[in-house]
file model03.tsv (TSV, C-alpha atoms)
chain	number	residue	atom	x	y	z
A	1	MET	CA	71.31	-138.87	96.70
A	2	PHE	CA	73.84	-139.75	99.38
A	3	GLN	CA	71.84	-142.80	100.36
A	4	GLU	CA	71.64	-143.88	96.74
A	5	ALA	CA	75.41	-143.50	96.35
A	6	ILE	CA	76.01	-145.67	99.43
A	7	ALA	CA	73.50	-148.20	98.09
A	8	GLN	CA	75.39	-148.42	94.81
A	9	LEU	CA	78.69	-148.81	96.66
A	10	ILE	CA	77.27	-151.67	98.69
A	11	ALA	CA	75.75	-153.18	95.56
A	12	LYS	CA	79.24	-153.35	94.04
A	13	THR	CA	80.29	-155.74	96.81
A	14	ALA	CA	77.71	-158.34	95.75
A	15	VAL	CA	79.68	-161.32	94.58
A	16	GLU	CA	77.12	-164.10	94.85
A	17	THR	CA	74.70	-164.48	91.99
A	18	VAL	CA	71.19	-165.84	91.80
A	19	SER	CA	69.81	-167.09	88.56
A	20	ALA	CA	66.57	-165.74	87.13
A	21	HIS	CA	66.90	-167.77	83.98
A	22	CYS	CA	63.85	-169.48	82.65
A	23	ASP	CA	65.08	-172.96	83.22
A	24	GLY	CA	67.87	-174.90	84.84
A	25	PRO	CA	70.69	-173.91	82.58
A	26	CYS	CA	72.70	-177.12	82.48
A	27	GLY	CA	70.81	-178.34	79.40
A	28	VAL	CA	71.96	-181.91	79.92
A	29	TYR	CA	69.19	-184.31	78.99
A	30	ASP	CA	69.37	-187.96	78.05
A	31	PRO	CA	66.54	-190.49	77.86
A	32	ALA	CA	69.09	-193.00	79.20
A	33	SER	CA	68.28	-191.97	82.78
A	34	ALA	CA	64.64	-193.00	82.25
A	35	ARG	CA	65.73	-196.19	80.48
A	36	ILE	CA	68.00	-197.25	83.36
A	37	ALA	CA	65.18	-196.75	85.89
A	38	ALA	CA	62.65	-198.55	83.67
A	39	GLU	CA	65.07	-201.38	83.13
A	40	ALA	CA	65.57	-201.73	86.88
A	41	ALA	CA	61.79	-201.80	87.36
A	42	LEU	CA	61.51	-204.50	84.67
A	43	SER	CA	64.23	-206.52	86.35
A	44	MET	CA	62.52	-206.24	89.76
A	45	THR	CA	59.19	-207.23	88.23
A	46	LYS	CA	60.78	-210.42	86.92
A	47	LYS	CA	62.49	-211.08	90.24
A	48	ILE	CA	59.21	-210.71	92.12
A	49	ILE	CA	57.56	-213.24	89.79
A	50	ASP	CA	60.50	-215.65	90.22
A	51	LEU	CA	60.10	-215.32	93.97
A	52	GLY	CA	56.67	-216.94	93.79
A	53	PRO	CA	53.54	-216.05	95.78
A	54	ALA	CA	53.93	-213.51	98.55
A	55	ASP	CA	52.90	-215.93	101.29
A	56	SER	CA	55.63	-218.43	100.44
A	57	ALA	CA	58.45	-215.96	99.85
A	58	ASP	CA	60.62	-214.40	102.48
A	59	HIS	CA	58.64	-211.34	103.55
A	60	ASN	CA	61.60	-209.05	103.85
A	61	THR	CA	62.95	-209.93	100.41
A	62	TYR	CA	59.52	-209.64	98.88
A	63	GLY	CA	58.96	-206.25	100.45
A	64	ARG	CA	62.35	-205.01	99.33
A	65	PHE	CA	61.78	-206.11	95.75
A	66	VAL	CA	58.41	-204.41	95.62
A	67	ALA	CA	59.80	-201.23	97.15
A	68	ILE	CA	62.67	-201.07	94.64
A	69	LYS	CA	60.34	-201.78	91.72
A	70	GLU	CA	58.00	-198.97	92.74
A	71	GLN	CA	60.84	-196.56	93.42
A	72	GLN	CA	62.46	-197.19	90.04
A	73	ALA	CA	59.13	-196.96	88.17
A	74	HIS	CA	58.50	-193.65	89.88
A	75	LEU	CA	61.98	-192.43	88.99
A	76	ALA	CA	61.46	-193.44	85.35
A	77	LYS	CA	58.29	-191.37	85.28
A	78	GLU	CA	60.01	-188.40	86.85
A	79	GLU	CA	62.87	-188.54	84.34
A	80	LEU	CA	60.42	-188.79	81.44
A	81	LEU	CA	58.39	-185.83	82.66
A	82	ILE	CA	61.51	-183.71	82.99
A	83	LEU	CA	62.58	-184.61	79.48
A	84	TRP	CA	59.11	-183.88	78.18
A	85	THR	CA	58.55	-180.54	79.86
A	86	ASP	CA	62.11	-179.19	80.08
A	87	TYR	CA	63.76	-180.31	76.88
A	88	PHE	CA	61.03	-180.55	74.29
A	89	LYS	CA	59.78	-177.27	72.83
A	90	PRO	CA	56.70	-176.40	70.79
A	91	GLU	CA	58.70	-176.48	67.55
A	92	HIS	CA	59.44	-180.19	68.09
A	93	LEU	CA	55.71	-180.83	67.83
A	94	ASP	CA	55.74	-179.77	64.20
A	95	GLU	CA	57.95	-182.68	63.34
A	96	TYR	CA	56.54	-185.07	65.96
A	97	PRO	CA	52.84	-184.25	66.35
A	98	ASP	CA	52.34	-187.35	68.50
A	99	LEU	CA	55.05	-186.32	70.96
A	100	HIS	CA	52.59	-185.61	73.79
A	101	GLU	CA	50.88	-188.92	73.16
A	102	LYS	CA	54.22	-190.74	73.38
A	103	PHE	CA	55.11	-189.20	76.72
A	104	TRP	CA	51.62	-189.55	78.11
A	105	ASN	CA	51.57	-193.24	77.27
A	106	ALA	CA	55.04	-193.78	78.64
A	107	ALA	CA	54.13	-192.02	81.90
A	108	LYS	CA	50.98	-194.15	82.19
A	109	LEU	CA	53.09	-197.27	81.67
A	110	CYS	CA	55.35	-196.14	84.52
A	111	SER	CA	52.26	-196.06	86.74
A	112	ALA	CA	51.22	-199.53	85.58
A	113	VAL	CA	54.70	-200.88	86.31
A	114	LYS	CA	54.66	-199.22	89.71
A	115	GLN	CA	51.19	-200.43	90.70
A	116	GLY	CA	51.31	-204.02	89.51
A	117	VAL	CA	53.70	-206.88	88.86
A	118	ASP	CA	53.25	-206.69	85.12
A	119	VAL	CA	56.04	-207.86	82.81
A	120	ASP	CA	54.10	-206.82	79.72
A	121	ALA	CA	53.72	-203.27	81.00
A	122	ALA	CA	57.41	-203.16	81.92
A	123	ASN	CA	58.38	-204.36	78.42
A	124	ASP	CA	55.98	-201.87	76.84
A	125	LEU	CA	57.58	-199.13	78.91
A	126	MET	CA	61.02	-200.11	77.63
A	127	ALA	CA	59.69	-199.98	74.06
A	128	ALA	CA	58.11	-196.58	74.70
A	129	ILE	CA	61.41	-195.25	76.06
A	130	GLU	CA	63.27	-196.63	73.03
A	131	ASP	CA	60.82	-194.73	70.85
A	132	ILE	CA	61.43	-191.54	72.85
A	133	HIS	CA	65.18	-192.16	72.66
A	134	ASN	CA	64.93	-192.20	68.85
A	135	VAL	CA	62.86	-189.01	68.75
A	136	TYR	CA	65.10	-187.23	71.23
A	137	TRP	CA	68.36	-187.91	69.42
A	138	ALA	CA	66.75	-187.16	66.05
A	139	THR	CA	65.84	-183.68	67.33
A	140	LYS	CA	69.49	-183.22	68.24
A	141	GLY	CA	70.56	-184.38	64.79
A	142	ARG	CA	72.59	-187.21	66.24
A	143	ASP	CA	72.52	-190.89	65.55
A	144	VAL	CA	72.81	-192.50	68.96
A	145	ALA	CA	72.23	-196.24	69.14
A	146	TYR	CA	69.77	-197.46	71.75
A	147	TYR	CA	71.05	-200.09	74.12
A	148	VAL	CA	70.07	-201.80	77.34
A	149	ALA	CA	72.26	-202.82	80.22
A	150	THR	CA	71.01	-206.36	80.58
B	1	MET	CA	49.59	-156.96	97.21
B	2	GLU	CA	53.07	-155.51	97.01
B	3	ARG	CA	54.67	-156.77	93.81
B	4	ASP	CA	57.71	-154.53	93.79
B	5	VAL	CA	60.78	-155.05	95.89
B	6	PRO	CA	61.40	-151.92	98.00
B	7	ARG	CA	64.69	-150.06	97.68
B	8	SER	CA	67.13	-150.75	100.50
B	9	GLY	CA	67.01	-147.93	103.03
B	10	TRP	CA	69.44	-147.08	105.84
B	11	ARG	CA	67.95	-149.77	108.05
B	12	GLU	CA	68.56	-152.46	105.45
B	13	MET	CA	72.10	-151.24	104.89
B	14	ALA	CA	72.73	-151.31	108.62
B	15	LEU	CA	71.39	-154.85	108.83
B	16	TRP	CA	73.72	-155.79	105.96
B	17	LEU	CA	76.64	-154.25	107.89
B	18	VAL	CA	75.94	-156.44	110.91
B	19	GLY	CA	75.61	-159.54	108.75
B	20	ARG	CA	71.86	-159.90	108.77
B	21	ARG	CA	71.50	-159.43	105.04
B	22	ARG	CA	73.13	-161.33	102.20
B	23	LEU	CA	73.64	-159.72	98.81
B	24	PHE	CA	72.89	-161.39	95.52
B	25	ARG	CA	73.32	-160.14	91.99
B	26	VAL	CA	70.55	-161.29	89.65
B	27	THR	CA	71.39	-162.87	86.31
B	28	GLY	CA	68.84	-163.65	83.63
B	29	ASP	CA	65.60	-161.92	82.78
B	30	SER	CA	62.86	-164.18	84.09
B	31	MET	CA	62.09	-161.78	86.96
B	32	THR	CA	61.68	-158.67	84.85
B	33	PRO	CA	60.15	-156.15	85.20
B	34	THR	CA	60.48	-156.59	88.99
B	35	LEU	CA	64.19	-157.39	88.89
B	36	SER	CA	66.32	-156.79	85.83
B	37	PRO	CA	69.50	-158.66	85.02
B	38	GLY	CA	72.20	-157.04	87.15
B	39	ALA	CA	69.83	-156.11	89.96
B	40	VAL	CA	71.30	-156.48	93.44
B	41	VAL	CA	68.98	-157.77	96.14
B	42	MET	CA	69.20	-158.21	99.88
B	43	LEU	CA	68.20	-161.52	101.36
B	44	ASP	CA	66.92	-162.08	104.88
B	45	GLN	CA	67.95	-165.62	105.73
B	46	ARG	CA	66.05	-165.61	109.00
B	47	ALA	CA	62.73	-164.57	107.48
B	48	TYR	CA	61.35	-168.08	107.42
B	49	ARG	CA	62.55	-169.31	110.77
B	50	SER	CA	59.32	-168.42	112.48
B	51	ARG	CA	56.90	-168.70	109.59
B	52	SER	CA	56.50	-170.23	106.16
B	53	PRO	CA	56.87	-168.30	102.93
B	54	ARG	CA	53.69	-166.76	101.59
B	55	ALA	CA	52.38	-166.41	98.09
B	56	ASP	CA	53.76	-163.40	96.18
B	57	GLU	CA	56.97	-163.17	98.18
B	58	ILE	CA	60.23	-163.37	96.27
B	59	VAL	CA	62.67	-165.98	97.54
B	60	VAL	CA	66.10	-167.32	96.78
B	61	ALA	CA	66.17	-171.11	96.66
B	62	ARG	CA	68.38	-173.89	95.48
B	63	HIS	CA	67.30	-175.43	92.21
B	64	PRO	CA	65.74	-178.84	93.05
B	65	ARG	CA	67.67	-180.64	90.35
B	66	HIS	CA	70.90	-178.64	90.36
B	67	THR	CA	71.40	-177.74	93.98
B	68	VAL	CA	74.56	-175.75	93.31
B	69	LEU	CA	72.42	-173.32	91.35
B	70	GLN	CA	70.66	-170.61	93.32
B	71	ILE	CA	67.53	-169.20	91.79
B	72	VAL	CA	65.39	-166.18	92.50
B	73	LYS	CA	61.68	-166.64	91.93
B	74	ARG	CA	58.32	-165.51	93.18
B	75	VAL	CA	56.23	-167.83	95.34
B	76	ALA	CA	53.16	-168.66	93.27
B	77	ALA	CA	51.63	-171.05	95.78
B	78	VAL	CA	52.37	-172.68	99.12
B	79	ILE	CA	51.17	-176.26	99.33
B	80	GLU	CA	50.84	-178.19	102.54
B	81	SER	CA	51.39	-181.80	101.60
B	82	ARG	CA	52.52	-185.10	102.97
B	83	THR	CA	55.69	-186.84	102.00
B	84	GLU	CA	55.61	-190.45	100.85
B	85	SER	CA	56.22	-191.59	104.41
B	86	GLY	CA	53.20	-189.59	105.57
B	87	ALA	CA	55.09	-186.85	107.37
B	88	PRO	CA	53.65	-183.37	106.85
B	89	GLY	CA	55.68	-181.06	104.68
B	90	THR	CA	55.39	-177.80	102.81
B	91	VAL	CA	56.36	-177.31	99.21
B	92	LEU	CA	56.46	-174.13	97.18
B	93	ILE	CA	55.49	-173.54	93.60
B	94	LEU	CA	57.87	-170.91	92.27
B	95	ALA	CA	57.23	-168.87	89.18
B	96	SER	CA	58.89	-166.23	87.08
B	97	ASP	CA	57.46	-162.73	86.85
B	98	ASN	CA	58.31	-162.56	83.19
B	99	VAL	CA	55.52	-164.69	81.76
B	100	ALA	CA	56.81	-164.02	78.26
B	101	ALA	CA	59.87	-166.05	79.20
B	102	GLY	CA	58.18	-169.05	77.67
B	103	ALA	CA	56.42	-172.29	78.36
B	104	ASP	CA	59.42	-173.78	80.09
B	105	SER	CA	59.65	-171.24	82.88
B	106	ARG	CA	57.87	-173.34	85.45
B	107	THR	CA	59.28	-176.73	84.89
B	108	PHE	CA	61.36	-177.68	87.84
B	109	GLY	CA	58.39	-178.70	89.94
B	110	PRO	CA	57.63	-178.04	93.57
B	111	VAL	CA	60.46	-176.83	95.76
B	112	ALA	CA	60.84	-178.21	99.27
B	113	LEU	CA	61.03	-175.68	102.06
B	114	ASP	CA	64.54	-176.70	103.08
B	115	LEU	CA	65.83	-175.55	99.70
B	116	VAL	CA	64.70	-171.99	100.38
B	117	LEU	CA	67.60	-169.80	101.50
B	118	GLY	CA	65.54	-166.79	102.48
B	119	LYS	CA	63.34	-163.93	101.50
B	120	VAL	CA	64.27	-161.08	99.19
B	121	VAL	CA	63.44	-158.06	101.34
B	122	SER	CA	64.90	-155.16	99.41
B	123	CYS	CA	67.06	-154.23	96.50
B	124	LEU	CA	70.02	-151.93	96.15
B	125	ARG	CA	69.66	-151.85	92.41
B	126	ARG	CA	66.75	-152.87	90.23

call {"tool": "encode", "arguments": {"input": "model03.tsv", "output": "structure tokens"}}
result
Amino acid sequence: MFQEAIAQLIAKTAVETVSAHCDGPCGVYDPASARIAAEAALSMTKKIIDLGPADSADHNTYGRFVAIKEQQAHLAKEELLILWTDYFKPEHLDEYPDLHEKFWNAAKLCSAVKQGVDVDAANDLMAAIEDIHNVYWATKGRDVAYYVAT
Amino acid sequence: MERDVPRSGWREMALWLVGRRRLFRVTGDSMTPTLSPGAVVMLDQRAYRSRSPRADEIVVARHPRHTVLQIVKRVAAVIESRTESGAPGTVLILASDNVAAGADSRTFGPVALDLVLGKVVSCLRR
């Protein structure tokens, strides 16, 4: 009894909290973060092509461009997966039965953009993200225009 | 395997007095029935200095995407992996005890070891 009373007294001093919520509670999602990364990967893909063959280009520049392209493609995939798994809920599937297909394809395109120097894949990825943008904002009941930075 | 968090005894309280335990109040219900909202737990921040976390232990970690947020979860798996640069590293898969919490309870991905603040060793209040 006495020990329990002391325990409860000590417990009252706990000021720090730890969250046991199901998810990160910030709830801030926006397909724009994926779009920016995909757009950067598209831009780097074009720059690598403009640079010409690897053996004639400056090796450092070439390496940097490739590294940035891969990093941004990877980031785009990460942002898409977060949106897919954290934001979208089973009830969204009723209205968008092809939702999984959309994200799966978009994620695969991220891989293609990362692995190769493929402008078509990079453009397809942008289109896929625009599609996801439209679905996302429709689920929020908002009309948000899609735009690109370049 | 011990699933429950033991109640803090005199020894734990003494360790808290000398600064070896940190208190956290739990919010949210993803760790029920082990820890209810309002539970108060004691954290040993030195627990993982000499060893890695093990499966089934309950830890407090920073959320990988919102590092100001501290979360309490159970270690579902410990994965030895390599980082992109090839250096060895350990990541944890953290899970909620309350499986009814929904499909989105395990979505923040693997958690790097350096985000783990310590091990939940006892509780003052469940």

call {"tool": "closest_atom_pairs", "arguments": {"input": "model03.tsv", "of": "chain B", "to": "chain A", "cutoff": "10 Å", "atoms": "all atoms listed in the file", "output": "CSV"}}
result
residue,atom,partner,partner_atom,distance
B:Arg7,CA,A:Ala7,CA,9.0
B:Ser8,CA,A:Ala7,CA,7.3
B:Gly9,CA,A:Gln3,CA,7.5
B:Trp10,CA,A:Gln3,CA,7.4
B:Glu12,CA,A:Ala7,CA,9.8
B:Met13,CA,A:Ala7,CA,7.6
B:Trp16,CA,A:Ile10,CA,9.1
B:Leu17,CA,A:Ile10,CA,9.6
B:Arg22,CA,A:Ala14,CA,8.5
B:Leu23,CA,A:Ala14,CA,5.3
B:Phe24,CA,A:Thr17,CA,5.0
B:Arg25,CA,A:Thr17,CA,4.6
B:Val26,CA,A:Val18,CA,5.1
B:Thr27,CA,A:Ser19,CA,5.0
B:Gly28,CA,A:His21,CA,4.6
B:Asp29,CA,A:Ala20,CA,5.9
B:Ser30,CA,A:Ala20,CA,5.0
B:Met31,CA,A:Ala20,CA,6.0
B:Thr32,CA,A:Ala20,CA,8.9
B:Leu35,CA,A:Ala20,CA,8.9
B:Ser36,CA,A:Ala20,CA,9.0
B:Pro37,CA,A:Ala20,CA,7.9
B:Gly38,CA,A:Thr17,CA,9.2
B:Ala39,CA,A:Ala11,CA,8.7
B:Val40,CA,A:Ala11,CA,5.9
B:Val41,CA,A:Ala11,CA,8.2
B:Met42,CA,A:Ala11,CA,9.3
B:Val60,CA,A:Val18,CA,7.3
B:Ala61,CA,A:Val18,CA,8.8
B:Arg62,CA,A:Val18,CA,9.3
B:His63,CA,A:Gly24,CA,7.4
B:Pro64,CA,A:Gly24,CA,9.4
B:Arg65,CA,A:Gly24,CA,8.0
B:His66,CA,A:Gly24,CA,7.3
B:Leu69,CA,A:Ser19,CA,7.3
B:Gln70,CA,A:Val18,CA,5.0
B:Ile71,CA,A:Ser19,CA,4.5
B:Val72,CA,A:Ala20,CA,5.5
B:Lys73,CA,A:Ala20,CA,6.9
B:Ala95,CA,A:Cys22,CA,9.3
B:Ser96,CA,A:Cys22,CA,7.4
B:Asp97,CA,A:Ala20,CA,9.6
B:Asn98,CA,A:Cys22,CA,8.9
B:Val99,CA,A:Cys22,CA,9.7
B:Ala100,CA,A:Cys22,CA,9.9
B:Ala101,CA,A:Cys22,CA,6.3
B:Gly102,CA,A:Cys22,CA,7.6
B:Ala103,CA,A:Lys89,CA,8.2
B:Asp104,CA,A:Asp86,CA,6.0
B:Ser105,CA,A:Cys22,CA,4.6
B:Arg106,CA,A:Asp23,CA,7.6
B:Thr107,CA,A:Asp86,CA,6.1
B:Phe108,CA,A:Asp23,CA,7.6
B:Gly109,CA,A:Ile82,CA,9.1
B:Cys123,CA,A:Ala11,CA,8.8
B:Leu124,CA,A:Ala7,CA,5.5
B:Arg125,CA,A:Ala11,CA,7.0

call {"tool": "write_last_selection", "arguments": {"input": "model03.tsv", "atoms": "C-alpha atoms", "output": "compact mmCIF listing (two decimals), keeping the file's coordinate frame"}}
result
# COMPACT_ATOMS: atom_id res chain seq x y z
CA ARG B 7 64.69 -150.06 97.68
CA SER B 8 67.13 -150.75 100.50
CA GLY B 9 67.01 -147.93 103.03
CA TRP B 10 69.44 -147.08 105.84
CA GLU B 12 68.56 -152.46 105.45
CA MET B 13 72.10 -151.24 104.89
CA TRP B 16 73.72 -155.79 105.96
CA LEU B 17 76.64 -154.25 107.89
CA ARG B 22 73.13 -161.33 102.20
CA LEU B 23 73.64 -159.72 98.81
CA PHE B 24 72.89 -161.39 95.52
CA ARG B 25 73.32 -160.14 91.99
CA VAL B 26 70.55 -161.29 89.65
CA THR B 27 71.39 -162.87 86.31
CA GLY B 28 68.84 -163.65 83.63
CA ASP B 29 65.60 -161.92 82.78
CA SER B 30 62.86 -164.18 84.09
CA MET B 31 62.09 -161.78 86.96
CA THR B 32 61.68 -158.67 84.85
CA LEU B 35 64.19 -157.39 88.89
CA SER B 36 66.32 -156.79 85.83
CA PRO B 37 69.50 -158.66 85.02
CA GLY B 38 72.20 -157.04 87.15
CA ALA B 39 69.83 -156.11 89.96
CA VAL B 40 71.30 -156.48 93.44
CA VAL B 41 68.98 -157.77 96.14
CA MET B 42 69.20 -158.21 99.88
CA VAL B 60 66.10 -167.32 96.78
CA ALA B 61 66.17 -171.11 96.66
CA ARG B 62 68.38 -173.89 95.48
CA HIS B 63 67.30 -175.43 92.21
CA PRO B 64 65.74 -178.84 93.05
CA ARG B 65 67.67 -180.64 90.35
CA HIS B 66 70.90 -178.64 90.36
CA LEU B 69 72.42 -173.32 91.35
CA GLN B 70 70.66 -170.61 93.32
CA ILE B 71 67.53 -169.20 91.79
CA VAL B 72 65.39 -166.18 92.50
CA LYS B 73 61.68 -166.64 91.93
CA ALA B 95 57.23 -168.87 89.18
CA SER B 96 58.89 -166.23 87.08
CA ASP B 97 57.46 -162.73 86.85
CA ASN B 98 58.31 -162.56 83.19
CA VAL B 99 55.52 -164.69 81.76
CA ALA B 100 56.81 -164.02 78.26
CA ALA B 101 59.87 -166.05 79.20
CA GLY B 102 58.18 -169.05 77.67
CA ALA B 103 56.42 -172.29 78.36
CA ASP B 104 59.42 -173.78 80.09
CA SER B 105 59.65 -171.24 82.88
CA ARG B 106 57.87 -173.34 85.45
CA THR B 107 59.28 -176.73 84.89
CA PHE B 108 61.36 -177.68 87.84
CA GLY B 109 58.39 -178.70 89.94
CA CYS B 123 67.06 -154.23 96.50
CA LEU B 124 70.02 -151.93 96.15
CA ARG B 125 69.66 -151.85 92.41

call {"tool": "residues_around", "arguments": {"input": "model03.tsv", "residues": "Leu99 (chain A)", "least_positions_apart": "3", "cutoff": "9 Å", "atoms": "all atoms listed in the file", "output": "number ranges by chain"}}
result
A: 84, 88, 92-93, 95-96, 102-104, 132, 135

call {"tool": "atom_distance", "arguments": {"input": "model03.tsv", "atom1": "CA of His74 (chain A)", "atom2": "CA of Asp131 (chain A)"}}
result
19.2 Å

call {"tool": "atom_distance", "arguments": {"input": "model03.tsv", "atom1": "CA of Val120 (chain B)", "atom2": "CA of Asp44 (chain B)"}}
result
6.4 Å

call {"tool": "atom_distance", "arguments": {"input": "model03.tsv", "atom1": "CA of Ala76 (chain A)", "atom2": "CA of Asp55 (chain A)"}}
result
28.9 Å

call {"tool": "residues_around", "arguments": {"input": "model03.tsv", "residues": "Tyr147 (chain A)", "least_positions_apart": "2", "cutoff": "10 Å", "atoms": "all atoms listed in the file", "output": "list of chain:residue names"}}
result
A:Ala32, A:Arg35, A:Glu130, A:His133, A:Val144, A:Ala145, A:Ala149, A:Thr150

call {"tool": "closest_residue", "arguments": {"input": "model03.tsv", "among": "A:Ala112, A:Asn123, A:Leu75, A:Val117", "to": "Gly52 (chain A)", "atoms": "all atoms listed in the file"}}
result
A:Val117

call {"tool": "closest_residue", "arguments": {"input": "model03.tsv", "among": "A:Tyr136, A:Tyr62, A:Phe2, A:Tyr146", "to": "Thr45 (chain A)", "atoms": "all atoms listed in the file"}}
result
A:Tyr62

call {"tool": "residues_around", "arguments": {"input": "model03.tsv", "residues": "Ser111 (chain A)", "least_positions_apart": "4", "cutoff": "8 Å", "atoms": "only C-alpha atoms", "output": "ChimeraX atom specification"}}
result
/A:73-74,77,107,115

call {"tool": "residues_around", "arguments": {"input": "model03.tsv", "residues": "Ala55 (chain B)", "least_positions_apart": "5", "cutoff": "8 Å", "atoms": "all atoms listed in the file", "output": "list in words"}}
result
Arg74, Val75, Ala76, Ala77 and Val78 of chain B

call {"tool": "closest_residue", "arguments": {"input": "model03.tsv", "among": "A:Asp50, A:Asp120, A:Asp94, A:Glu39", "to": "Ile68 (chain A)", "atoms": "all atoms listed in the file"}}
result
A:Glu39

call {"tool": "closest_residue", "arguments": {"input": "model03.tsv", "among": "B:Pro53, B:Val68, B:Leu117, B:Ile58", "to": "Thr90 (chain B)", "atoms": "all atoms listed in the file"}}
result
B:Pro53

call {"tool": "residues_around", "arguments": {"input": "model03.tsv", "residues": "Leu113 (chain B)", "least_positions_apart": "3", "cutoff": "8 Å", "atoms": "all atoms listed in the file", "output": "PDB file with C-alpha atoms, in the coordinates of the input"}}
result
ATOM      1  CA  THR B  90      55.390-177.800 102.810  1.00  0.00           C
ATOM      2  CA  VAL B  91      56.360-177.310  99.210  1.00  0.00           C
ATOM      3  CA  LEU B  92      56.460-174.130  97.180  1.00  0.00           C
ATOM      4  CA  VAL B 116      64.700-171.990 100.380  1.00  0.00           C
TER       5      VAL B 116
END
